[in-house]
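Written out below as structure tokens is the structure these notes cover.
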Amino acid sequence: MNRVNFDATGMQSAGPDRADDEIDLGKIFGVIRRNWHILVFGGLVGLLLAIAQVATTTRLYTAHVELNTFRSADVDTFQDFAGVSGSRSASYDFDTEIQVLRSEKIAERVVRNLGLHEDSAFNAARSAGVISRISGTVTGQLRGLVRDARAMLSARDAPALPTDMDPAPDAEARAIERAAQRLRGSMSVNAVGRSAVLRVSYTSSSPALSARVANGIADAYIEDQLAATDEASQRAIEWLGVRRDELRDQLEQVSAIADAFREEHDLVGVDVDQLASAELERLSQNLVAARAEVVDLEARNRRLTEIVESGDTSAVVRETAGQGITSGLRSRYLDVLRSYNSLASSLGDDHAQTERRLRELQEIEALMFEEIRRSAQLVSDDLQAARERVASFEQAQARVGERVGADQAILLQLRDLENNVETVRNLYSSFRQRHQEATQRQEIPVSNTRILNRAQTPGAPSSPNAQQMLALGGLMGFLIAGGWVAFREWRDDRIRSEEHVRDDLALEYLGGLTVLKGVATNVRGARDPAYESAPPRFPPMLTFAADKPLSGYAETLRTGKISLTLRHGRDSRAPRLGFVSCFPGEGKTTTAANFASLLAQQGARVALIDADMRNPGLSRATGKTFDAGLVDVLLGEKDWREVCQPVDGVGVHLIPNAKTRVAHTSELLGSKAMTALLESLDQEYDYVILDLPPLGPVVDARVILDTLDGVFFVFKWGGTNRDLARRILRMDPRIRDKSYGAFLNFFDPKKASAYGNTQSYNYYRTYYNRYYNDN
């Protein structure tokens, strides 16, 4: 009935279908619910520590000053004055200025300007707060140990110091150096967005001191920029002066060389560029004009020749239109031509007047061609003359060129010398002008940095940030507590829920037996001598189920009875069942006695055997000392009827254990005598219940397993180790086969509600309480 599926290792493989990597929110909420007090305590402790830190930490005030800077003043000034081209990326210069502001040089300048090394408020120690003091003390001790170890190691190999070493710096220099280091540790420089504006911040315990030091840093930075500008200007002036003097000497040298060359070649006062230029220009102009005339005459001569050869009368008319000699012939020709055309059209070509006009027209045409031939002859003569003039001009130009070309090398050399002189003179003039500008600009120092917003006295402290520190303290305390809770949950391998019994141990879960608070564990009147001769009694702890039949405790035991009935079936023989646990102190004896009492209350005949011979807790609970017991029966010295005693007020017959101790208890439980005893009891009783020894310490319970019909497991809620329980069950598979189910003893419903899931019995236990009445 209570068997479940097993894997290869014999443990249960069935369970909720959940992926290995899936987060079970129910379990997470369960962990939080059952450990909320630890989480809250951790958060409160962190909050209290944060409050203590805030209360004991010195209030710090931060002042800000904003500077507008872009390029390095010394580099720009030197490049401007010296005329040296060069550029750097803006981001590089910007980062450089940040490092300059953070430099030791600026810090020492601020210390000297403001006298901070003598300022008691500046050099006052700050209260670090409780947490910081503790951590600082621990860190200081560790650093001291490391420093001592290093000193011991370095002292062996350190060379001996010479006796003539310079003395240490004076006290003021050391004070300035310490103050500068303190200032650098309390200041910060950051860019404002992506602009060229730098924000310089300084933090101290005094608002006025913070503003004064922040402004002092800005002023010292500008002073440093001006000093750098002045130094760069001085370097530029010196360099320009040296270069100017060198160029002046060089100019004197090249000028002297050029003058000596002119004297040597008798060119003093002679303008080389104007020499023979006028005559060459005139010859060139005449030559160009003559060549143009030749081209024009050649064109006219060619045209007139073509007209004469072609005999084109229309061309003759067009060609002679601009000539005064043939104008009359041309006019007469046109008149005769019109008359001829008129007569030809009216009288015909064969008429005498038409023929006369035709002859007259031919005569005039012959005269016009004759005139064209004379004009062509005249043009040919003019063309010949023009060609002769061109040749004459070319010869004259060649003669002048030969005369000038003889001295061309000397003129070129002289021209090079004069160009060199002019170049050196221009350089000298440029550097002299730059030197004058540099000298003038040095008298007016200008810094590339200006203060946009001067620091104001802060009205509120910047540190400690109470809200942030309290929130951080509470969060850190909560996280630390959460880590501790996670560690506890990881280490917690106790049986606490129905899932642990079903899934981890593969046993049927019968229910949780609540803690019996306020119930007496001793028999009243057990110290009375008369009690020794009276029937034994159970303390209220062992009869709670019978005394409170409507309680949840009794109802849980009834669940076990149902499991027993379903397993045993209709067998006429009395069931033999045992109560076992893994370890001592888990409540199996109390559970066995209450189970037997509940059955007896329902009218059943119940025999309860104290089978834990080494630790007979059931017999001891009665408060009596028995002269004979189970051991005597198994050894054949007593009959079981002689030692079996009815428990007063319960209806259970108890076979106790006497004081006799034996070493071979397992042999006795597994003996034929034990089997015979159980068979005899089967005939007399409806139920035979054995309180067996725990499975962990001894093997007694395993020996008798084959004789029993089944066993009930009793686990201590929050006490039984799951790994050890699995190991015990794995060692002997018969234990699981014989099991009716498991009870969780010492069960705390409130605590148990934080374990398991919504499918477990405990999740809905509060709804069942209306059916129970523990009172």
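Ligands are numbered from 1 in the order shown, residues from 1 within each chain, and chains are lettered A, B, ... in the order they appear in the structure tokens.
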
Which residues, written as a ChimeraX atom specification, have at least one atom at most 9 Å from His653 in chain A, with only C-alpha atoms counted and residues fewer than 3 positions away on the same chain left out? /A:605-609,644-647,650

Enumerate the residues of range 620-746 of chain A with a DSSP assignment of strand (DSSP E or B), computed from the backbone, and present them as a JSON list (two decimals) with all heavy atoms, in the first residue's frame.
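Saved as states-v4.json:
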```json
[["chain", "number", "residue", "atom", "x", "y", "z"],
["A", 645, "GLN", "N", 1.99, -8.03, 32.84],
["A", 645, "GLN", "CA", 1.22, -7.29, 33.83],
["A", 645, "GLN", "C", 0.31, -6.29, 33.12],
["A", 645, "GLN", "O", 0.74, -5.57, 32.20],
["A", 645, "GLN", "CB", 2.15, -6.53, 34.79],
["A", 645, "GLN", "CG", 3.10, -7.45, 35.53],
["A", 645, "GLN", "CD", 3.93, -6.69, 36.56],
["A", 645, "GLN", "OE1", 3.50, -5.65, 37.07],
["A", 645, "GLN", "NE2", 5.09, -7.24, 36.88],
["A", 646, "PRO", "N", -0.95, -6.23, 33.54],
["A", 646, "PRO", "CA", -1.85, -5.24, 32.96],
["A", 646, "PRO", "C", -1.52, -3.84, 33.47],
["A", 646, "PRO", "O", -1.23, -3.65, 34.65],
["A", 646, "PRO", "CB", -3.24, -5.70, 33.42],
["A", 646, "PRO", "CG", -2.98, -6.44, 34.68],
["A", 646, "PRO", "CD", -1.64, -7.11, 34.54],
["A", 652, "VAL", "N", -3.87, -2.23, 28.57],
["A", 652, "VAL", "CA", -2.76, -2.81, 27.82],
["A", 652, "VAL", "C", -2.02, -3.76, 28.74],
["A", 652, "VAL", "O", -1.78, -3.45, 29.92],
["A", 652, "VAL", "CB", -1.82, -1.71, 27.29],
["A", 652, "VAL", "CG1", -0.61, -2.33, 26.61],
["A", 652, "VAL", "CG2", -2.57, -0.79, 26.34],
["A", 653, "HIS", "N", -1.61, -4.92, 28.20],
["A", 653, "HIS", "CA", -0.80, -5.86, 28.96],
["A", 653, "HIS", "C", 0.66, -5.67, 28.56],
["A", 653, "HIS", "O", 1.01, -5.78, 27.39],
["A", 653, "HIS", "CB", -1.26, -7.29, 28.69],
["A", 653, "HIS", "CG", -2.59, -7.59, 29.31],
["A", 653, "HIS", "ND1", -3.78, -7.13, 28.82],
["A", 653, "HIS", "CD2", -2.90, -8.35, 30.42],
["A", 653, "HIS", "CE1", -4.78, -7.56, 29.56],
["A", 653, "HIS", "NE2", -4.28, -8.31, 30.57],
["A", 654, "LEU", "N", 1.46, -5.43, 29.57],
["A", 654, "LEU", "CA", 2.86, -5.08, 29.35],
["A", 654, "LEU", "C", 3.76, -6.23, 29.74],
["A", 654, "LEU", "O", 3.61, -6.81, 30.82],
["A", 654, "LEU", "CB", 3.24, -3.84, 30.17],
["A", 654, "LEU", "CG", 4.71, -3.44, 30.17],
["A", 654, "LEU", "CD1", 5.13, -3.00, 28.76],
["A", 654, "LEU", "CD2", 4.97, -2.32, 31.19],
["A", 655, "ILE", "N", 4.69, -6.60, 28.79],
["A", 655, "ILE", "CA", 5.77, -7.53, 29.12],
["A", 655, "ILE", "C", 7.02, -6.68, 29.28],
["A", 655, "ILE", "O", 7.62, -6.24, 28.29],
["A", 655, "ILE", "CB", 5.95, -8.59, 28.03],
["A", 655, "ILE", "CG1", 4.67, -9.43, 27.89],
["A", 655, "ILE", "CG2", 7.14, -9.48, 28.33],
["A", 655, "ILE", "CD1", 4.75, -10.50, 26.83],
["A", 687, "TYR", "N", -3.63, -7.53, 19.10],
["A", 687, "TYR", "CA", -2.45, -6.85, 18.57],
["A", 687, "TYR", "C", -1.28, -7.15, 19.48],
["A", 687, "TYR", "O", -1.40, -7.14, 20.73],
["A", 687, "TYR", "CB", -2.64, -5.33, 18.53],
["A", 687, "TYR", "CG", -3.73, -4.86, 17.58],
["A", 687, "TYR", "CD1", -5.03, -4.65, 18.06],
["A", 687, "TYR", "CD2", -3.46, -4.63, 16.23],
["A", 687, "TYR", "CE1", -6.04, -4.23, 17.20],
["A", 687, "TYR", "CE2", -4.47, -4.22, 15.37],
["A", 687, "TYR", "CZ", -5.75, -4.01, 15.86],
["A", 687, "TYR", "OH", -6.74, -3.59, 15.01],
["A", 688, "VAL", "N", -0.13, -7.42, 18.83],
["A", 688, "VAL", "CA", 1.12, -7.61, 19.56],
["A", 688, "VAL", "C", 2.08, -6.52, 19.11],
["A", 688, "VAL", "O", 2.49, -6.47, 17.94],
["A", 688, "VAL", "CB", 1.72, -9.00, 19.30],
["A", 688, "VAL", "CG1", 3.03, -9.16, 20.04],
["A", 688, "VAL", "CG2", 0.73, -10.09, 19.71],
["A", 689, "ILE", "N", 2.43, -5.61, 20.01],
["A", 689, "ILE", "CA", 3.25, -4.43, 19.68],
["A", 689, "ILE", "C", 4.57, -4.55, 20.40],
["A", 689, "ILE", "O", 4.61, -4.82, 21.62],
["A", 689, "ILE", "CB", 2.53, -3.13, 20.07],
["A", 689, "ILE", "CG1", 1.19, -3.05, 19.32],
["A", 689, "ILE", "CG2", 3.38, -1.92, 19.75],
["A", 689, "ILE", "CD1", 0.34, -1.87, 19.76],
["A", 690, "LEU", "N", 5.66, -4.33, 19.67],
["A", 690, "LEU", "CA", 7.01, -4.39, 20.25],
["A", 690, "LEU", "C", 7.67, -3.03, 20.15],
["A", 690, "LEU", "O", 7.69, -2.39, 19.08],
["A", 690, "LEU", "CB", 7.88, -5.42, 19.51],
["A", 690, "LEU", "CG", 7.58, -6.91, 19.73],
["A", 690, "LEU", "CD1", 6.39, -7.33, 18.85],
["A", 690, "LEU", "CD2", 8.80, -7.76, 19.42],
["A", 691, "ASP", "N", 8.18, -2.58, 21.28],
["A", 691, "ASP", "CA", 9.02, -1.37, 21.30],
["A", 691, "ASP", "C", 10.46, -1.82, 21.06],
["A", 691, "ASP", "O", 11.13, -2.28, 21.99],
["A", 691, "ASP", "CB", 8.87, -0.66, 22.65],
["A", 691, "ASP", "CG", 9.74, 0.60, 22.73],
["A", 691, "ASP", "OD1", 10.14, 1.11, 21.66],
["A", 691, "ASP", "OD2", 10.01, 1.06, 23.86],
["A", 710, "GLY", "N", 5.19, -6.16, 10.33],
["A", 710, "GLY", "CA", 5.57, -4.84, 9.85],
["A", 710, "GLY", "C", 6.06, -3.96, 10.98],
["A", 710, "GLY", "O", 5.99, -4.34, 12.16],
["A", 711, "VAL", "N", 6.56, -2.78, 10.61],
["A", 711, "VAL", "CA", 7.08, -1.84, 11.60],
["A", 711, "VAL", "C", 6.59, -0.44, 11.26],
["A", 711, "VAL", "O", 6.30, -0.11, 10.10],
["A", 711, "VAL", "CB", 8.63, -1.85, 11.64],
["A", 711, "VAL", "CG1", 9.16, -3.17, 12.15],
["A", 711, "VAL", "CG2", 9.21, -1.51, 10.29],
["A", 712, "PHE", "N", 6.48, 0.35, 12.30],
["A", 712, "PHE", "CA", 6.22, 1.79, 12.16],
["A", 712, "PHE", "C", 7.53, 2.54, 12.45],
["A", 712, "PHE", "O", 8.18, 2.27, 13.46],
["A", 712, "PHE", "CB", 5.14, 2.25, 13.13],
["A", 712, "PHE", "CG", 3.75, 1.85, 12.72],
["A", 712, "PHE", "CD1", 3.11, 0.80, 13.36],
["A", 712, "PHE", "CD2", 3.11, 2.54, 11.71],
["A", 712, "PHE", "CE1", 1.83, 0.43, 12.99],
["A", 712, "PHE", "CE2", 1.81, 2.16, 11.33],
["A", 712, "PHE", "CZ", 1.18, 1.11, 11.97],
["A", 713, "PHE", "N", 7.85, 3.46, 11.54],
["A", 713, "PHE", "CA", 9.03, 4.29, 11.76],
["A", 713, "PHE", "C", 8.63, 5.54, 12.53],
["A", 713, "PHE", "O", 7.56, 6.13, 12.29],
["A", 713, "PHE", "CB", 9.64, 4.71, 10.42],
["A", 713, "PHE", "CG", 10.78, 3.84, 9.99],
["A", 713, "PHE", "CD1", 10.57, 2.77, 9.13],
["A", 713, "PHE", "CD2", 12.07, 4.09, 10.46],
["A", 713, "PHE", "CE1", 11.62, 1.97, 8.74],
["A", 713, "PHE", "CE2", 13.12, 3.29, 10.06],
["A", 713, "PHE", "CZ", 12.91, 2.22, 9.20],
["A", 714, "VAL", "N", 9.48, 5.93, 13.43],
["A", 714, "VAL", "CA", 9.30, 7.18, 14.17],
["A", 714, "VAL", "C", 10.54, 8.03, 13.97],
["A", 714, "VAL", "O", 11.65, 7.62, 14.33],
["A", 714, "VAL", "CB", 9.06, 6.91, 15.68],
["A", 714, "VAL", "CG1", 8.90, 8.24, 16.42],
["A", 714, "VAL", "CG2", 7.84, 6.04, 15.88],
["A", 715, "PHE", "N", 10.35, 9.19, 13.32],
["A", 715, "PHE", "CA", 11.45, 10.14, 13.10],
["A", 715, "PHE", "C", 11.22, 11.38, 13.94],
["A", 715, "PHE", "O", 10.06, 11.82, 14.12],
["A", 715, "PHE", "CB", 11.55, 10.55, 11.63],
["A", 715, "PHE", "CG", 11.86, 9.42, 10.69],
["A", 715, "PHE", "CD1", 10.93, 8.99, 9.76],
["A", 715, "PHE", "CD2", 13.08, 8.76, 10.76],
["A", 715, "PHE", "CE1", 11.21, 7.96, 8.89],
["A", 715, "PHE", "CE2", 13.37, 7.71, 9.91],
["A", 715, "PHE", "CZ", 12.43, 7.31, 8.98],
["A", 716, "LYS", "N", 12.27, 11.94, 14.42],
["A", 716, "LYS", "CA", 12.18, 13.18, 15.18],
["A", 716, "LYS", "C", 12.18, 14.36, 14.20],
["A", 716, "LYS", "O", 13.11, 14.54, 13.44],
["A", 716, "LYS", "CB", 13.35, 13.30, 16.15],
["A", 716, "LYS", "CG", 13.25, 14.54, 17.03],
["A", 716, "LYS", "CD", 14.40, 14.58, 18.03],
["A", 716, "LYS", "CE", 14.27, 15.81, 18.93],
["A", 716, "LYS", "NZ", 15.38, 15.91, 19.90],
["A", 721, "ASN", "N", 18.73, 12.86, 10.93],
["A", 721, "ASN", "CA", 19.54, 13.18, 9.77],
["A", 721, "ASN", "C", 19.09, 12.35, 8.56],
["A", 721, "ASN", "O", 19.01, 11.12, 8.64],
["A", 721, "ASN", "CB", 21.02, 12.90, 10.09],
["A", 721, "ASN", "CG", 21.93, 13.37, 8.99],
["A", 721, "ASN", "OD1", 21.99, 12.77, 7.92],
["A", 721, "ASN", "ND2", 22.66, 14.45, 9.25],
["A", 739, "SER", "N", 7.75, -1.81, 6.26],
["A", 739, "SER", "CA", 7.29, -0.56, 6.86],
["A", 739, "SER", "C", 5.83, -0.29, 6.53],
["A", 739, "SER", "O", 5.40, -0.38, 5.38],
["A", 739, "SER", "CB", 8.16, 0.61, 6.37],
["A", 739, "SER", "OG", 7.64, 1.82, 6.83],
["A", 740, "TYR", "N", 5.03, 0.03, 7.58],
["A", 740, "TYR", "CA", 3.67, 0.52, 7.40],
["A", 740, "TYR", "C", 3.65, 2.01, 7.06],
["A", 740, "TYR", "O", 2.68, 2.51, 6.50],
["A", 740, "TYR", "CB", 2.85, 0.32, 8.67],
["A", 740, "TYR", "CG", 2.62, -1.13, 9.02],
["A", 740, "TYR", "CD1", 2.99, -1.63, 10.27],
["A", 740, "TYR", "CD2", 2.01, -2.00, 8.13],
["A", 740, "TYR", "CE1", 2.77, -2.95, 10.61],
["A", 740, "TYR", "CE2", 1.78, -3.32, 8.44],
["A", 740, "TYR", "CZ", 2.17, -3.79, 9.69],
["A", 740, "TYR", "OH", 1.95, -5.10, 10.02],
["A", 741, "GLY", "N", 4.69, 2.72, 7.44],
["A", 741, "GLY", "CA", 4.76, 4.16, 7.23],
["A", 741, "GLY", "C", 5.60, 4.79, 8.32],
["A", 741, "GLY", "O", 6.20, 4.10, 9.16],
["A", 742, "ALA", "N", 5.65, 6.11, 8.32],
["A", 742, "ALA", "CA", 6.52, 6.82, 9.24],
["A", 742, "ALA", "C", 5.75, 7.95, 9.90],
["A", 742, "ALA", "O", 4.95, 8.65, 9.26],
["A", 742, "ALA", "CB", 7.74, 7.38, 8.52],
["A", 743, "PHE", "N", 5.98, 8.12, 11.20],
["A", 743, "PHE", "CA", 5.45, 9.25, 11.97],
["A", 743, "PHE", "C", 6.58, 10.26, 12.18],
["A", 743, "PHE", "O", 7.74, 9.88, 12.39],
["A", 743, "PHE", "CB", 4.94, 8.79, 13.35],
["A", 743, "PHE", "CG", 3.75, 7.88, 13.28],
["A", 743, "PHE", "CD1", 3.91, 6.51, 13.49],
["A", 743, "PHE", "CD2", 2.49, 8.39, 13.02],
["A", 743, "PHE", "CE1", 2.82, 5.66, 13.45],
["A", 743, "PHE", "CE2", 1.40, 7.52, 12.97],
["A", 743, "PHE", "CZ", 1.55, 6.16, 13.18],
["A", 744, "LEU", "N", 6.24, 11.55, 12.12],
["A", 744, "LEU", "CA", 7.18, 12.61, 12.49],
["A", 744, "LEU", "C", 6.84, 13.05, 13.91],
["A", 744, "LEU", "O", 5.81, 13.71, 14.14],
["A", 744, "LEU", "CB", 7.09, 13.81, 11.53],
["A", 744, "LEU", "CG", 7.75, 13.62, 10.17],
["A", 744, "LEU", "CD1", 7.66, 14.91, 9.35],
["A", 744, "LEU", "CD2", 9.21, 13.23, 10.32],
["A", 745, "ASN", "N", 7.67, 12.66, 14.84],
["A", 745, "ASN", "CA", 7.43, 12.97, 16.25],
["A", 745, "ASN", "C", 8.03, 14.35, 16.57],
["A", 745, "ASN", "O", 8.84, 14.90, 15.82],
["A", 745, "ASN", "CB", 8.07, 11.88, 17.12],
["A", 745, "ASN", "CG", 7.46, 11.88, 18.51],
["A", 745, "ASN", "OD1", 6.37, 12.40, 18.73],
["A", 745, "ASN", "ND2", 8.17, 11.28, 19.46],
["A", 746, "PHE", "N", 7.60, 14.89, 17.74],
["A", 746, "PHE", "CA", 8.02, 16.24, 18.15],
["A", 746, "PHE", "C", 7.65, 17.26, 17.07],
["A", 746, "PHE", "O", 8.40, 18.19, 16.79],
["A", 746, "PHE", "CB", 9.51, 16.30, 18.45],
["A", 746, "PHE", "CG", 9.94, 15.42, 19.58],
["A", 746, "PHE", "CD1", 10.44, 14.16, 19.33],
["A", 746, "PHE", "CD2", 9.80, 15.84, 20.90],
["A", 746, "PHE", "CE1", 10.83, 13.33, 20.38],
["A", 746, "PHE", "CE2", 10.19, 15.02, 21.94],
["A", 746, "PHE", "CZ", 10.69, 13.76, 21.69]]
```

Taken to one decimal, the CA of Thr423 in chain A-CA of Thr439 in chain A distance is 24.5 Å

Close residues, range 513-527 of chain A itself excluded, 8 Å, only C-alpha atoms, min 6 positions apart in chain, as a PyMOL selection string: chain A and resi 537-542+552-553+556+621-624+743-749

For the residues selected in the previous step, produce a file with N, CA, C and O atoms as a compact mmCIF listing (two decimals), in the first residue's frame.
```
# COMPACT_ATOMS: atom_id res chain seq x y z
N ARG A 537 1.55 1.63 36.15
CA ARG A 537 0.80 2.67 35.46
C ARG A 537 1.73 3.40 34.46
O ARG A 537 2.93 3.50 34.70
N PHE A 538 1.08 3.89 33.41
CA PHE A 538 1.81 4.71 32.44
C PHE A 538 1.65 6.18 32.81
O PHE A 538 0.57 6.60 33.27
N PRO A 539 2.70 6.99 32.63
CA PRO A 539 2.56 8.43 32.84
C PRO A 539 1.63 9.01 31.79
O PRO A 539 1.36 8.41 30.75
N PRO A 540 1.04 10.19 32.02
CA PRO A 540 0.12 10.81 31.04
C PRO A 540 0.75 10.97 29.65
O PRO A 540 0.02 10.97 28.65
N MET A 541 2.04 11.09 29.60
CA MET A 541 2.70 11.24 28.30
C MET A 541 2.46 10.03 27.41
O MET A 541 2.29 10.14 26.19
N LEU A 542 2.40 8.79 28.04
CA LEU A 542 2.25 7.57 27.27
C LEU A 542 0.80 7.20 27.02
O LEU A 542 0.54 6.26 26.27
N GLY A 552 -5.47 15.90 17.67
CA GLY A 552 -4.77 15.64 16.42
C GLY A 552 -3.73 14.55 16.58
O GLY A 552 -3.45 13.80 15.63
N TYR A 553 -3.17 14.44 17.79
CA TYR A 553 -2.19 13.38 18.07
C TYR A 553 -2.84 12.01 17.90
O TYR A 553 -2.30 11.12 17.22
N THR A 556 -3.66 11.17 14.24
CA THR A 556 -2.49 10.75 13.47
C THR A 556 -2.20 9.27 13.72
O THR A 556 -1.86 8.51 12.80
N ALA A 621 9.57 3.85 32.26
CA ALA A 621 8.55 4.89 32.33
C ALA A 621 7.46 4.58 33.35
O ALA A 621 6.79 5.48 33.87
N THR A 622 7.27 3.30 33.67
CA THR A 622 6.24 2.95 34.65
C THR A 622 6.63 3.34 36.07
O THR A 622 5.79 3.38 36.96
N GLY A 623 7.91 3.59 36.29
CA GLY A 623 8.36 3.97 37.63
C GLY A 623 8.54 2.81 38.56
O GLY A 623 8.76 2.99 39.76
N LYS A 624 8.42 1.56 38.05
CA LYS A 624 8.56 0.39 38.88
C LYS A 624 9.80 -0.40 38.51
O LYS A 624 10.33 -0.26 37.41
N PHE A 743 5.98 8.12 11.20
CA PHE A 743 5.45 9.25 11.97
C PHE A 743 6.58 10.26 12.18
O PHE A 743 7.74 9.88 12.39
N LEU A 744 6.24 11.55 12.12
CA LEU A 744 7.18 12.61 12.49
C LEU A 744 6.84 13.05 13.91
O LEU A 744 5.81 13.71 14.14
N ASN A 745 7.67 12.66 14.84
CA ASN A 745 7.43 12.97 16.25
C ASN A 745 8.03 14.35 16.57
O ASN A 745 8.84 14.90 15.82
N PHE A 746 7.60 14.89 17.74
CA PHE A 746 8.02 16.24 18.15
C PHE A 746 7.65 17.26 17.07
O PHE A 746 8.40 18.19 16.79
N PHE A 747 6.52 17.06 16.45
CA PHE A 747 6.10 17.88 15.32
C PHE A 747 5.59 19.23 15.81
O PHE A 747 4.77 19.31 16.73
N ASP A 748 6.12 20.33 15.18
CA ASP A 748 5.69 21.69 15.51
C ASP A 748 4.94 22.24 14.30
O ASP A 748 5.54 22.58 13.28
N PRO A 749 3.63 22.32 14.35
CA PRO A 749 2.85 22.72 13.17
C PRO A 749 3.23 24.10 12.65
O PRO A 749 3.26 24.31 11.44
```

Please return as a PyMOL selection string: the residues of range 645-767 of chain A that backbone DSSP assigns to alpha helix (DSSP H). chain A and resi 665-669+672-684+700-703+722-731+733-737+749-752+765-767

Mind checking which residues fall within 12 Å of range 491-496 of chain A, counting only C-alpha atoms, ignoring those fewer than 4 positions away in the same chain, and posting them as a ChimeraX atom specification? /A:31,34,484-487,500-505,509,511-512,582,586,714-726,742-756,760,762

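Between Ala299 in chain A and the residues A:Ala554, A:Leu383, A:Leu283, A:Ala592, the shortest atom-to-atom distance, using only C-alpha atoms, involves A:Leu383.
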
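Separating CA of Asp709 in chain A from CA of Arg558 in chain A is a distance of 18.1 Å.
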
Any idea what's packed within 12 Å of Arg387 in chain A, counting only C-alpha atoms, ignoring anything in its chain fewer than 5 positions away? Could you give it as an MDAnalysis selection string? chainID A and resid 287 289:298 380:382 392:394

Near Leu668 in chain A, within 12 Å and counting only C-alpha atoms, which residues show up once chain neighbours fewer than 3 positions away are dropped, as a short mmCIF file (atom, residue, chain, number, x, y, z; two decimals) with N, CA and C atoms, in the first residue's frame?
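Okay, this is what ended up in part.cif:
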```cif
data_model
loop_
_atom_site.label_atom_id
_atom_site.label_comp_id
_atom_site.auth_asym_id
_atom_site.auth_seq_id
_atom_site.Cartn_x
_atom_site.Cartn_y
_atom_site.Cartn_z
N ALA A 611 10.87 -4.51 23.99
CA ALA A 611 11.91 -5.34 23.37
C ALA A 611 13.26 -4.65 23.30
N ASP A 612 13.35 -3.46 23.87
CA ASP A 612 14.64 -2.77 23.89
C ASP A 612 15.37 -3.18 25.16
N MET A 613 16.08 -4.34 25.07
CA MET A 613 16.69 -4.92 26.26
C MET A 613 17.85 -4.10 26.80
N ARG A 614 18.52 -3.38 25.94
CA ARG A 614 19.68 -2.63 26.42
C ARG A 614 19.28 -1.30 27.04
N LEU A 630 11.22 -9.87 30.02
CA LEU A 630 11.31 -10.54 28.73
C LEU A 630 12.51 -11.45 28.65
N VAL A 631 13.64 -11.03 29.18
CA VAL A 631 14.86 -11.83 29.11
C VAL A 631 14.64 -13.16 29.83
N ASP A 632 13.96 -13.12 30.95
CA ASP A 632 13.71 -14.36 31.69
C ASP A 632 12.81 -15.29 30.89
N VAL A 633 11.84 -14.72 30.16
CA VAL A 633 10.95 -15.55 29.35
C VAL A 633 11.72 -16.21 28.23
N LEU A 634 12.60 -15.44 27.55
CA LEU A 634 13.35 -15.97 26.42
C LEU A 634 14.40 -16.99 26.86
N LEU A 635 14.88 -16.83 28.09
CA LEU A 635 15.84 -17.79 28.60
C LEU A 635 15.16 -19.04 29.16
N GLY A 636 13.83 -19.04 29.15
CA GLY A 636 13.08 -20.19 29.64
C GLY A 636 12.95 -20.25 31.13
N VAL A 662 21.97 -8.43 29.54
CA VAL A 662 22.64 -9.51 28.80
C VAL A 662 23.36 -8.90 27.62
N ALA A 663 24.40 -9.57 27.14
CA ALA A 663 25.19 -9.04 26.03
C ALA A 663 24.67 -9.49 24.69
N HIS A 664 23.97 -10.69 24.67
CA HIS A 664 23.56 -11.26 23.39
C HIS A 664 22.08 -10.99 23.14
N THR A 665 21.68 -9.73 23.18
CA THR A 665 20.28 -9.36 23.01
C THR A 665 19.77 -9.69 21.61
N SER A 671 15.74 -15.55 18.45
CA SER A 671 15.72 -16.96 18.85
C SER A 671 14.35 -17.58 18.63
N LYS A 672 14.31 -18.91 18.70
CA LYS A 672 13.05 -19.65 18.58
C LYS A 672 12.12 -19.34 19.75
N ALA A 673 12.72 -19.03 20.86
CA ALA A 673 11.90 -18.70 22.03
C ALA A 673 11.08 -17.45 21.77
N MET A 674 11.68 -16.48 21.07
CA MET A 674 10.96 -15.25 20.74
C MET A 674 9.83 -15.54 19.77
N THR A 675 10.11 -16.40 18.81
CA THR A 675 9.06 -16.77 17.85
C THR A 675 7.93 -17.49 18.55
N ALA A 676 8.29 -18.37 19.45
CA ALA A 676 7.26 -19.10 20.21
C ALA A 676 6.44 -18.15 21.06
N LEU A 677 7.13 -17.16 21.66
CA LEU A 677 6.41 -16.18 22.47
C LEU A 677 5.38 -15.44 21.64
N VAL A 699 21.84 -3.91 16.12
CA VAL A 699 21.23 -4.69 15.04
C VAL A 699 20.03 -5.49 15.53
N ASP A 700 19.58 -5.29 16.76
CA ASP A 700 18.54 -6.12 17.35
C ASP A 700 17.26 -6.10 16.52
N ALA A 701 16.86 -4.88 16.09
CA ALA A 701 15.60 -4.77 15.36
C ALA A 701 15.66 -5.49 14.02
N VAL A 703 17.21 -8.23 13.39
CA VAL A 703 17.17 -9.67 13.61
C VAL A 703 15.74 -10.18 13.68
N ILE A 704 14.87 -9.38 14.23
CA ILE A 704 13.50 -9.84 14.45
C ILE A 704 12.56 -9.47 13.32
#
```

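The residue that comes closest to Arg112 in chain A, out of A:Val288, A:Leu343, A:Ala175, A:Leu411 and on the basis of only C-alpha atoms, is A:Ala175.
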
Take CA of Ser205 in chain A and CA of Leu60 in chain A and report the distance between them in Å, one decimal. 4.4 Å

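Among the candidates A:Ser339, A:Thr543, A:Ser206, A:Ser680, the one nearest to Ser597 in chain A when counting only C-alpha atoms is A:Thr543.
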